[in-house]
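What follows is a set of notes on a single structure, which appears directly below.
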Amino acid sequence: MSNNYQDIYDGILAGNVAATEAGVIKALEDGKEPAEILNQGMIAAMREVGRLFEEGEYYVPEMLIAARAMQSGLALLKPYLVDSGIEPTGKIAVGTVKGDLHDIGKNLVAMMFEGAGFAITDLGTDVAPEKFVAAIQEDGVDVVALSALLTTTMPSMKATIDAIVAAGLRDNVKVIVGGAPVTPEYAEQIGADGFAPDASGAVTVTESLLGI
Ligand code: B1M
């Protein structure tokens, strides 16, 4: 397949950190838009990695090294995606739910929130419901943002919302959910306040929920 960011695309598919970084640096030097580099080069490559995994051409190790190359490229893009310089407008706890180790989408969501001027508590991956509850109690977050990439871990989103309800904290926070298998219908079914299909949508939905 041909791609405008072929060197970045190929670098990620090959799990080649140096080639991916060189491609991102060159694209930035050429004045390309960071969002375009991200979407057309990097996210497109990860989509292809997923397809190759489904076809049985890639296995978990190939997915892992592709993810490592993706993360190295993302680290270079981060300063361009997060340069708001605005005072924090709210506090958000972000995490990938229990049982789920995928963190690239969650990291992107966190970056976009930072870029929009929110203070972020990044709880990482495989985050148990109690940890989200603790972030509300201890950090006073306004929003809990849950990511899941596996159909098998989507129920952990419901378990997290249930734990927030059980702790008597549901009225203190907004909960938004997202990740490839998550749908608006599922978000509604589990009692989330919002759903977004991508990282920039997560910011839009959150700002609207907070009346910003
Ligand atoms: Co896995 N994996 N993986 N994986 N992996 C997927 C998700 C899969 C779709 C691949 C496939 O079969 N095509 C499939 C899931 C199938 C399903 O459940 N429907 C899968 C599987 C099966 C697995 C394992 C079970 C494989 C195994 O062990 N046999 C295993 C599970 C491990 C676990 O979590 N317990 C596994 C492991 C891994 C690696 C660890 C090797 C690695 C992750 C490394 C890492 O994250 N550091 C990995 C990878 C890399 C992938 C793919 C190839 C790429 C994911 C990615 O980073 N995409 C993925 C295939 C694919 O996505 N096409 C796949 C790029 C990223 C930018 O997109 O995360 O979707 P994404 O984020 C998007 C949106 O979803 C959204 O915004 C982002 C874009 O702006 N978004 C939100 C995400 N969170 C949001 C939250 C929001 C709002 C929007 O609000 C809060």
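Just so we're on the same page: first chain in the structure tokens is A, next is B, and so on; residues restart at 1 for each chain, and ligands are numbered from 1 in the order they show up.
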
Open item on the list: For ligand 1, return the neighbouring residues as a VMD selection string (distance at most 7 Å; only C-alpha atoms and all ligand atoms).
Closed with: chain A and resid 43 46 to 51 53 to 54 60 to 61 63 to 64 66 to 68 94 99 to 106 108 to 109 145 to 152 176 to 181 195 to 202

Open item on the list: Report as number ranges by chain all protein, DNA and RNA residues lying within 10 Å of Asn16 (chain A), evaluated on only C-alpha atoms, omitting residues in the same chain fewer than 5 positions from it.
Closed with: A: 8, 10-11, 21, 65-66, 68-70, 72

Open item on the list: Here is a test: counting only C-alpha atoms, which residue of A:Val175, A:Met157, A:Leu76, A:Leu209 is nearest to Val17 (chain A)?
Closed with: A:Leu76

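Compared by their closest atoms to Gly95 (chain A), and using only C-alpha atoms, the residues A:Thr160, A:Ile37, A:Gly73, A:Glu114 rank with A:Thr160 nearest.
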
DSSP strand (DSSP E) selection over region 37-151 of chain A, as a PDB file with C-alpha atoms, in the first residue's frame:
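Output file result-v4.pdb is given in full below:
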```pdb
ATOM      1  CA  LYS A  91      -8.695  17.595  36.359  1.00  0.00           C
ATOM      2  CA  ILE A  92      -8.972  14.307  34.515  1.00  0.00           C
ATOM      3  CA  ALA A  93      -7.944  10.780  35.544  1.00  0.00           C
ATOM      4  CA  VAL A  94      -7.164   8.702  32.460  1.00  0.00           C
ATOM      5  CA  GLY A  95      -6.551   4.961  32.366  1.00  0.00           C
ATOM      6  CA  THR A  96      -6.933   1.735  30.437  1.00  0.00           C
ATOM      7  CA  VAL A  97      -9.335  -0.483  32.342  1.00  0.00           C
ATOM      8  CA  ALA A 119      -4.473  18.601  34.366  1.00  0.00           C
ATOM      9  CA  ILE A 120      -3.991  14.874  33.858  1.00  0.00           C
ATOM     10  CA  THR A 121      -3.547  12.011  36.294  1.00  0.00           C
ATOM     11  CA  ASP A 122      -2.459   9.108  34.097  1.00  0.00           C
ATOM     12  CA  LEU A 123      -3.220   5.896  35.983  1.00  0.00           C
ATOM     13  CA  GLY A 124      -1.642   3.716  33.277  1.00  0.00           C
ATOM     14  CA  THR A 125      -2.947   0.383  32.032  1.00  0.00           C
ATOM     15  CA  ASP A 126      -4.760  -2.539  33.694  1.00  0.00           C
ATOM     16  CA  VAL A 127      -6.274  -0.098  36.176  1.00  0.00           C
ATOM     17  CA  VAL A 143     -13.639  13.575  34.904  1.00  0.00           C
ATOM     18  CA  VAL A 144     -12.724   9.903  34.697  1.00  0.00           C
ATOM     19  CA  ALA A 145     -11.702   8.815  31.181  1.00  0.00           C
ATOM     20  CA  LEU A 146     -11.746   5.057  30.552  1.00  0.00           C
ATOM     21  CA  SER A 147     -10.101   3.348  27.575  1.00  0.00           C
TER      22      SER A 147
END
```

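Nearest residue to Leu81 (chain A), choosing from A:Ala35, A:Ala22, A:Val182, A:Val173 and counting only C-alpha atoms: A:Ala35.
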
Task: Counting only C-alpha atoms, the residue of A:Ala75, A:Val165, A:Ala45, A:Leu52 that sits nearest Val24 (chain A) - done: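 With only C-alpha atoms as the atom set, the closest residue is A:Ala75.
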
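The spacing separating CA of Gly194 (chain A) from CA of Ile212 (chain A) amounts to 14.9 Å.
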
Open item on the list: Taking the DSSP secondary structure from the backbone, can you list the residues of region 8-169 of chain A that are alpha helix (DSSP H), as a count of residues only?
Closed with: 91

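We find CA of Leu77 (chain A) and CA of Ala18 (chain A) to be spaced 14.7 Å apart.
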
TODO: Please identify all polymer residues within 9 Å of Asn3 (chain A), counting only C-alpha atoms, omitting same-chain residues fewer than 6 positions from it, and present them as a PyMOL selection string.
DONE: chain A and resi 9+40-41+44

Open item on the list: Between A:Gly191, A:Gly211, A:Pro184, A:Gly115, which residue has the minimum interatomic distance to Arg170 (chain A), considering only C-alpha atoms?
Closed with: A:Gly191

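Picture a line from CA of Met154 (chain A) to CA of Gln189 (chain A); it runs 11.7 Å.
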
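Comparing the minimum interatomic distances between Asp7 (chain A) and each of A:Pro129, A:Gly31, A:Gly90, A:Gly23, counting only C-alpha atoms, we find that A:Gly23 sits nearest.
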